[in-house]
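Note sheet for the following structure.
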There are 2 protein chains.
Amino acid sequence: MTTLGGSVATPAKGLTAQVLVVHSFDDLQAHAAEANGRIVLFDKAFDQDLANNGQAMSAYEQAVAYRVKGASAAARLGAVASLIRSVGGADFRLPHTGVMHYADDAPKIPTAALSAEDAMMVGRLAAQGPVQMHLTLTPQTLPDADSHNVLADLPGREKPDEVVLVSGHLDSWDLAQGAIDDGAGVTAAMGAVQVLKSLGLQARRTIRVVAWMNEENGSGGSKAYFAANKDKLSSQIAVIESDSGAGKPLGLVASVTPDSEDKLAPITTALQPIGATAIDRREGEVGADISPLQEAGVPGFAPLVDTREYFFYHHTAADTLDKVKPDYLRRQVAVMAVLAYYLAEMPEPLPRVPAKAK
Amino acid sequence: MTTLGGSVATPAKGLTAQVLVVHSFDDLQAHAAEANGRIVLFDKAFDQDLANNGQAMSAYEQAVAYRVKGASAAARLGAVASLIRSVGGADFRLPHTGVMHYADDAPKIPTAALSAEDAMMVGRLAAQGPVQMHLTLTPQTLPDADSHNVLADLPGREKPDEVVLVSGHLDSWDLAQGAIDDGAGVTAAMGAVQVLKSLGLQARRTIRVVAWMNEENGSGGSKAYFAANKDKLSSQIAVIESDSGAGKPLGLVASVTPDSEDKLAPITTALQPIGATAIDRREGEVGADISPLQEAGVPGFAPLVDTREYFFYHHTAADTLDKVKPDYLRRQVAVMAVLAYYLAEMPEPLPRVPAKAK
């Protein structure tokens, strides 16, 4: 009855133990004396109401902490395995996967994700009496192999050495096609440059399409790009990444200095025909792969898209091509094209973003 | 990548063949010459727009024909196996199961259901060139075993030999818990009598709770009940079955004579506080298990519930307890209780329903 999957980092062949169901890290600490020898299940529900209010990433952050840190938190108390309730707002019995981390100070215990329904069922059963689970988890962590970012430059007409990145990531979890995470983002980045080419628009600076490798499991691609460019960071004028799916575009996310916002007005004017006029100015990371460059002060951007349903599909077997609506993807191409062209064409680059306002 | 499941009636161990994708029976006939030696995939989408307009059963009937009759239609043209696109309106890569029939005039070929996403993917690939599929299907059809309907009577105070049935079905497909199909129906039927008992209401006639066995795969339970009562059908005053899930109750479905409708007005008056006042008068079957009695002229009823999401979960691994909203289930208990009590209390039974108006 229990569908296991995802987040598996250490194999467990035939591990049987009683389950301790907790709903938070605090709840785990309150039951610390009961964790030894148990399988700890973190039954933390994804807050879809938060997602429905445009705060999907906050909802994700709340819940994903248990996937990332749950195993080590449980292991420190003697647990023999840990489980999470899958991180997502849909109720179709889909387990979810994603990265997790073992802390150095805790045994590396097996960990996996249950579908929300199965986590709820185990919770109901455990409220009635002891529940034993038998885990058979068969993960393999293969040796790293060489892989590559994919780059393409549309050279600038005046300042070809200054570049604006427009990007998405090439890798995905292997439960499905990775259509919304992040096929849509890569396609939008490629489409933006295709549109500019077909319009014969060559901006002042170079527009560089980047399809990042290894966003999901270590960010090797973005680290390698940063390392290769760390001595010429002043050439990196602005960075754009699309990695929030293929929902309807609403505008753009900008991690820029407060006084930069007014300078973005022509972008929203250009995007008025598709209604994508919102500017959501944020501090800090707006895309995992562009975050090393953002941390170095480069202004960062992303399309602002409707993410209310993003975590219905994210990191599940249902992240398939049919989830990408062609009209929304075309609109996202428009957002990325306008944004990239404008940033590459501005006479003066936007100011760098001080570290504290990241 | 392809998730197989459901509808499997004949094993296939390592069957490999090229796929012929068709979208209807007519389409199959148009490609009749290509079916020989192939795996035929019926890629027929469930019409969720129809379901969203309150016609979920029509949407189901359109699509389920391929599950029921597709294998024999394909086999008659020499196909070696048949596949369907799962019958349902959700897009969460869930295969769907359910009954299928082999016709006597066709070879019994293996058949299974793909998730909608996988059917679409095979369709896209086949549009580009030949697609081979390798099927490993491992169904088992075990010998029939004894099982039972579960009956309980709340005896009538004046006419205990006349009965009104209030019912749901006990069996379900084993992908999940069968919470909406049909745990909710059985619970609503039991709850109706529980409410009447706790209110101290004993109707003129007997109210009989029936939890039918084997609705999903042969209707053995309802056939057995009919056989046991066929010599005293006049004792069967009215029959109610809940088998459309746990959505919000909107009123009732009634297969009664046209002049009976006015007599049902007190029911809707009683249900006004919960807004379940619609009367949807239909001809013909309103519940699979009560259909033999309906065919014999017994007035048939069902709660009218919101079925817009019923086929998101029906016959899938996601038909789990969390899909049942307690408030809606309580309302359904109210509908069933009012309906059963009123029909059992009426001084004169409703008239029998002529066969042509079934």
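Just remember, in the structure tokens the first chain shown is A, the second B, etc., residues are 1-based per chain, and ligands are 1-based in the order shown.
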
Set out as JSON lines a contact list for chain B and chain A with a cut-off of 10 Å, giving each residue of chain B that qualifies its closest atom pair and distance in Å to one decimal, counting only C-alpha atoms, ordered by chain and rising residue number.
```
{"residue": "B:Met1", "atom": "CA", "partner": "A:Ala176", "partner_atom": "CA", "distance": 7.0}
{"residue": "B:Thr2", "atom": "CA", "partner": "A:Ala176", "partner_atom": "CA", "distance": 9.6}
{"residue": "B:Thr3", "atom": "CA", "partner": "A:Ala317", "partner_atom": "CA", "distance": 9.5}
{"residue": "B:Ala90", "atom": "CA", "partner": "A:Phe92", "partner_atom": "CA", "distance": 8.8}
{"residue": "B:Asp91", "atom": "CA", "partner": "A:Ala318", "partner_atom": "CA", "distance": 7.3}
{"residue": "B:Phe92", "atom": "CA", "partner": "A:Ala318", "partner_atom": "CA", "distance": 5.1}
{"residue": "B:Arg93", "atom": "CA", "partner": "A:Ala318", "partner_atom": "CA", "distance": 5.2}
{"residue": "B:Leu94", "atom": "CA", "partner": "A:Phe92", "partner_atom": "CA", "distance": 7.7}
{"residue": "B:Ser115", "atom": "CA", "partner": "A:Ala318", "partner_atom": "CA", "distance": 9.7}
{"residue": "B:Ala116", "atom": "CA", "partner": "A:Asp322", "partner_atom": "CA", "distance": 9.5}
{"residue": "B:Glu117", "atom": "CA", "partner": "A:Thr320", "partner_atom": "CA", "distance": 6.9}
{"residue": "B:Asp118", "atom": "CA", "partner": "A:Thr320", "partner_atom": "CA", "distance": 8.9}
{"residue": "B:Met120", "atom": "CA", "partner": "A:Asp322", "partner_atom": "CA", "distance": 8.0}
{"residue": "B:Met121", "atom": "CA", "partner": "A:Leu321", "partner_atom": "CA", "distance": 8.3}
{"residue": "B:Asp174", "atom": "CA", "partner": "A:Met1", "partner_atom": "CA", "distance": 9.3}
{"residue": "B:Leu175", "atom": "CA", "partner": "A:Met1", "partner_atom": "CA", "distance": 8.0}
{"residue": "B:Ala176", "atom": "CA", "partner": "A:Met1", "partner_atom": "CA", "distance": 7.1}
{"residue": "B:Gln177", "atom": "CA", "partner": "A:Met1", "partner_atom": "CA", "distance": 8.9}
{"residue": "B:Phe312", "atom": "CA", "partner": "A:Phe92", "partner_atom": "CA", "distance": 8.5}
{"residue": "B:Tyr313", "atom": "CA", "partner": "A:Phe92", "partner_atom": "CA", "distance": 7.6}
{"residue": "B:Thr316", "atom": "CA", "partner": "A:Phe92", "partner_atom": "CA", "distance": 8.9}
{"residue": "B:Ala317", "atom": "CA", "partner": "A:Arg93", "partner_atom": "CA", "distance": 6.7}
{"residue": "B:Ala318", "atom": "CA", "partner": "A:Phe92", "partner_atom": "CA", "distance": 5.1}
{"residue": "B:Asp319", "atom": "CA", "partner": "A:Phe92", "partner_atom": "CA", "distance": 8.4}
{"residue": "B:Thr320", "atom": "CA", "partner": "A:Glu117", "partner_atom": "CA", "distance": 6.9}
{"residue": "B:Leu321", "atom": "CA", "partner": "A:Glu117", "partner_atom": "CA", "distance": 8.1}
{"residue": "B:Asp322", "atom": "CA", "partner": "A:Glu117", "partner_atom": "CA", "distance": 7.0}
{"residue": "B:Lys323", "atom": "CA", "partner": "A:Asp91", "partner_atom": "CA", "distance": 8.2}
```

Can you tell me, as a ChimeraX atom specification, what residues are no more than 12 Å from A:Asn217 when counting only C-alpha atoms, ignoring any on the same chain fewer than 4 positions away?
/A:7,9,68,97-101,141,144,169-174,212-213,221-222,288-289

DSSP-assigned strand (DSSP E) members of stretch 194-307 of chain B, reported as an MDAnalysis selection string:
chainID B and resid 205:212 236:241 249:255 278:281 300:305

Please produce a file of those selected residues containing N, CA, C and O atoms, as a short mmCIF file (atom, residue, chain, number, x, y, z; two decimals), in the first residue's frame.
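Generated output (again-v9.cif):
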```cif
data_model
loop_
_atom_site.label_atom_id
_atom_site.label_comp_id
_atom_site.auth_asym_id
_atom_site.auth_seq_id
_atom_site.Cartn_x
_atom_site.Cartn_y
_atom_site.Cartn_z
N ARG B 205 -42.30 1.74 6.92
CA ARG B 205 -41.75 0.53 6.31
C ARG B 205 -40.31 0.30 6.79
O ARG B 205 -39.68 1.18 7.38
N THR B 206 -39.82 -0.85 6.47
CA THR B 206 -38.44 -1.21 6.82
C THR B 206 -37.44 -0.46 5.94
O THR B 206 -37.66 -0.34 4.73
N ILE B 207 -36.42 0.05 6.56
CA ILE B 207 -35.30 0.62 5.80
C ILE B 207 -34.14 -0.37 5.90
O ILE B 207 -33.72 -0.73 7.00
N ARG B 208 -33.69 -0.81 4.76
CA ARG B 208 -32.65 -1.85 4.71
C ARG B 208 -31.35 -1.27 4.16
O ARG B 208 -31.30 -0.83 3.01
N VAL B 209 -30.35 -1.30 4.99
CA VAL B 209 -29.01 -0.94 4.51
C VAL B 209 -28.43 -2.13 3.77
O VAL B 209 -28.47 -3.26 4.28
N VAL B 210 -27.93 -1.89 2.57
CA VAL B 210 -27.25 -2.95 1.84
C VAL B 210 -25.86 -2.45 1.43
O VAL B 210 -25.73 -1.40 0.80
N ALA B 211 -24.85 -3.22 1.82
CA ALA B 211 -23.49 -3.01 1.30
C ALA B 211 -23.27 -4.13 0.27
O ALA B 211 -23.10 -5.30 0.64
N TRP B 212 -23.36 -3.76 -0.98
CA TRP B 212 -23.31 -4.74 -2.07
C TRP B 212 -21.89 -5.27 -2.26
O TRP B 212 -20.92 -4.52 -2.21
N GLN B 236 -40.38 -4.62 -2.50
CA GLN B 236 -39.27 -3.68 -2.71
C GLN B 236 -39.87 -2.35 -3.19
O GLN B 236 -40.23 -2.19 -4.35
N ILE B 237 -39.98 -1.41 -2.28
CA ILE B 237 -40.74 -0.18 -2.52
C ILE B 237 -39.93 0.86 -3.27
O ILE B 237 -40.45 1.56 -4.15
N ALA B 238 -38.70 0.98 -2.90
CA ALA B 238 -37.82 1.95 -3.56
C ALA B 238 -36.39 1.55 -3.25
O ALA B 238 -36.12 0.88 -2.24
N VAL B 239 -35.47 1.95 -4.14
CA VAL B 239 -34.07 1.56 -3.96
C VAL B 239 -33.18 2.79 -4.15
O VAL B 239 -33.35 3.56 -5.09
N ILE B 240 -32.25 2.92 -3.24
CA ILE B 240 -31.34 4.07 -3.25
C ILE B 240 -29.92 3.52 -3.27
O ILE B 240 -29.59 2.64 -2.47
N GLU B 241 -29.09 4.05 -4.14
CA GLU B 241 -27.66 3.68 -4.08
C GLU B 241 -26.81 4.93 -4.23
O GLU B 241 -27.06 5.78 -5.09
N PRO B 249 -23.06 17.23 -1.92
CA PRO B 249 -24.41 16.85 -2.35
C PRO B 249 -25.21 18.07 -2.81
O PRO B 249 -25.22 19.12 -2.15
N LEU B 250 -25.87 17.89 -3.92
CA LEU B 250 -26.63 18.97 -4.55
C LEU B 250 -28.13 18.69 -4.56
O LEU B 250 -28.93 19.57 -4.87
N GLY B 251 -28.51 17.46 -4.25
CA GLY B 251 -29.92 17.09 -4.30
C GLY B 251 -30.01 15.60 -4.53
O GLY B 251 -29.24 14.82 -3.98
N LEU B 252 -30.96 15.21 -5.38
CA LEU B 252 -31.11 13.78 -5.61
C LEU B 252 -31.41 13.48 -7.07
O LEU B 252 -31.92 14.31 -7.82
N VAL B 253 -31.03 12.26 -7.44
CA VAL B 253 -31.34 11.71 -8.76
C VAL B 253 -32.51 10.75 -8.55
O VAL B 253 -32.49 9.95 -7.61
N ALA B 254 -33.51 10.83 -9.41
CA ALA B 254 -34.71 10.00 -9.24
C ALA B 254 -35.11 9.41 -10.57
O ALA B 254 -35.34 10.13 -11.54
N SER B 255 -35.18 8.10 -10.61
CA SER B 255 -35.73 7.42 -11.77
C SER B 255 -37.14 6.98 -11.38
O SER B 255 -37.34 5.89 -10.83
N ALA B 278 -31.85 20.10 -5.57
CA ALA B 278 -32.07 19.76 -6.98
C ALA B 278 -32.68 18.36 -7.10
O ALA B 278 -32.30 17.44 -6.37
N ILE B 279 -33.63 18.22 -8.01
CA ILE B 279 -34.13 16.88 -8.35
C ILE B 279 -33.84 16.66 -9.83
O ILE B 279 -34.32 17.37 -10.69
N ASP B 280 -32.97 15.69 -10.07
CA ASP B 280 -32.56 15.36 -11.44
C ASP B 280 -33.30 14.07 -11.80
O ASP B 280 -32.87 12.98 -11.44
N ARG B 281 -34.44 14.21 -12.50
CA ARG B 281 -35.21 13.01 -12.86
C ARG B 281 -34.63 12.41 -14.13
O ARG B 281 -34.46 13.11 -15.13
N GLY B 300 -36.00 4.17 -8.50
CA GLY B 300 -34.59 4.19 -8.12
C GLY B 300 -34.10 5.59 -7.81
O GLY B 300 -34.51 6.55 -8.46
N PHE B 301 -33.23 5.68 -6.83
CA PHE B 301 -32.73 6.99 -6.39
C PHE B 301 -31.22 6.94 -6.12
O PHE B 301 -30.66 5.87 -5.83
N ALA B 302 -30.63 8.11 -6.18
CA ALA B 302 -29.24 8.27 -5.77
C ALA B 302 -29.08 9.69 -5.26
O ALA B 302 -29.83 10.58 -5.67
N PRO B 303 -28.13 9.93 -4.38
CA PRO B 303 -27.83 11.32 -4.09
C PRO B 303 -27.21 11.96 -5.34
O PRO B 303 -26.46 11.30 -6.06
N LEU B 304 -27.56 13.20 -5.60
CA LEU B 304 -26.91 13.95 -6.68
C LEU B 304 -25.73 14.68 -6.06
O LEU B 304 -25.92 15.53 -5.18
N VAL B 305 -24.52 14.31 -6.47
CA VAL B 305 -23.34 14.94 -5.88
C VAL B 305 -22.48 15.58 -6.97
O VAL B 305 -22.60 15.25 -8.15
#
```

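Among B:Ser198, B:Ser244, B:Ser219, B:Leu343, the residue with the shortest atom-to-atom distance to B:Pro266, counting only C-alpha atoms, is B:Leu343.
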
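Checking B:Gln332, B:Gln194, B:Asn214, B:Ser291 one by one against B:Leu271, counting only C-alpha atoms, you find the shortest gap at B:Gln332.
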
Pull the helix (DSSP H, G or I) assignments for stretch 60-289 of chain A out of DSSP run on the backbone, and list those residues as a ChimeraX atom specification.
/A:60-75,116-126,179-198,220-235,258-274

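The interatomic distance for the pair atom CA of B:Ile180 and atom CA of B:His148 works out to 20.6 Å.
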
For stretch 10-23 of chain B, work out the shell of residues within 6 Å, counting only C-alpha atoms and skipping chain neighbours fewer than 5 positions away, then give it as a compact mmCIF listing (two decimals) with N, CA and C atoms, in the first residue's frame.
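File around_23.txt, as written:
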```
# COMPACT_ATOMS: atom_id res chain seq x y z
N LEU B 28 -9.84 3.25 -35.74
CA LEU B 28 -9.28 1.90 -35.85
C LEU B 28 -9.70 1.25 -37.16
N ARG B 38 0.05 -5.82 -34.45
CA ARG B 38 0.42 -4.62 -33.70
C ARG B 38 -0.20 -4.60 -32.30
N ILE B 39 0.33 -3.69 -31.49
CA ILE B 39 -0.31 -3.29 -30.23
C ILE B 39 -1.13 -2.05 -30.56
N VAL B 40 -2.43 -2.14 -30.37
CA VAL B 40 -3.28 -0.98 -30.67
C VAL B 40 -3.45 -0.13 -29.40
N LEU B 41 -3.12 1.14 -29.50
CA LEU B 41 -3.34 2.08 -28.40
C LEU B 41 -4.53 2.97 -28.74
N PHE B 42 -5.58 2.88 -27.92
CA PHE B 42 -6.72 3.78 -28.07
C PHE B 42 -6.44 5.04 -27.26
N ASP B 43 -6.03 6.08 -27.94
CA ASP B 43 -5.67 7.34 -27.26
C ASP B 43 -6.89 8.27 -27.29
N LYS B 44 -7.85 7.96 -26.43
CA LYS B 44 -9.09 8.74 -26.37
C LYS B 44 -9.07 9.53 -25.07
N PRO B 110 -3.85 -9.58 -24.55
CA PRO B 110 -3.57 -8.79 -23.35
C PRO B 110 -3.99 -7.33 -23.56
N VAL B 131 7.01 3.07 -33.52
CA VAL B 131 7.26 2.92 -32.09
C VAL B 131 7.03 1.47 -31.72
N GLN B 132 8.03 0.86 -31.13
CA GLN B 132 7.85 -0.48 -30.59
C GLN B 132 7.63 -0.39 -29.09
N MET B 133 6.76 -1.25 -28.58
CA MET B 133 6.60 -1.35 -27.13
C MET B 133 6.85 -2.79 -26.71
N HIS B 134 7.38 -2.90 -25.51
CA HIS B 134 7.65 -4.20 -24.92
C HIS B 134 6.76 -4.28 -23.69
N LEU B 135 5.81 -5.19 -23.68
CA LEU B 135 4.85 -5.30 -22.58
C LEU B 135 5.20 -6.45 -21.66
N THR B 136 5.22 -6.17 -20.38
CA THR B 136 5.28 -7.23 -19.38
C THR B 136 4.10 -7.01 -18.45
N LEU B 137 3.09 -7.80 -18.60
CA LEU B 137 1.86 -7.68 -17.82
C LEU B 137 1.69 -8.97 -17.04
N THR B 138 1.38 -8.84 -15.78
CA THR B 138 1.39 -10.02 -14.90
C THR B 138 0.07 -10.20 -14.15
N PRO B 139 -1.04 -10.15 -14.85
CA PRO B 139 -2.31 -10.30 -14.13
C PRO B 139 -2.54 -11.73 -13.69
```

Residue with the minimum atom-to-atom distance to B:Gln294, picked from B:Met346, B:Val256, B:Ala35, B:Leu199 with only C-alpha atoms counted, is B:Val256

If you count only C-alpha atoms, which residues fall within 10 Å of B:Arg157, apart from same-chain ones fewer than 6 positions away, as an NGL selection string?
:B and (201-206 or 345)

Using N, CA, C and O atoms, can you export the residues from the last selection as a compact mmCIF listing (two decimals), in the first residue's frame?
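The result, stored in out.txt:
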```txt
# COMPACT_ATOMS: atom_id res chain seq x y z
N LEU B 201 -36.53 7.76 15.02
CA LEU B 201 -37.51 7.74 13.93
C LEU B 201 -37.63 6.33 13.36
O LEU B 201 -36.68 5.78 12.80
N GLN B 202 -38.80 5.77 13.53
CA GLN B 202 -39.05 4.47 12.93
C GLN B 202 -40.13 4.68 11.86
O GLN B 202 -41.27 5.05 12.17
N ALA B 203 -39.78 4.44 10.62
CA ALA B 203 -40.70 4.71 9.52
C ALA B 203 -41.76 3.62 9.41
O ALA B 203 -41.64 2.54 10.01
N ARG B 204 -42.75 3.92 8.59
CA ARG B 204 -43.84 2.97 8.36
C ARG B 204 -43.30 1.63 7.82
O ARG B 204 -43.76 0.55 8.20
N ARG B 205 -42.30 1.74 6.92
CA ARG B 205 -41.75 0.53 6.31
C ARG B 205 -40.31 0.30 6.79
O ARG B 205 -39.68 1.18 7.38
N THR B 206 -39.82 -0.85 6.47
CA THR B 206 -38.44 -1.21 6.82
C THR B 206 -37.44 -0.46 5.94
O THR B 206 -37.66 -0.34 4.73
N GLU B 345 -41.87 6.22 4.64
CA GLU B 345 -42.97 6.75 5.46
C GLU B 345 -44.20 7.11 4.63
O GLU B 345 -45.31 7.19 5.17
```

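One distance worth recording is that between atom CA of A:Thr269 and atom CA of A:Ala340, which is 14.7 Å.
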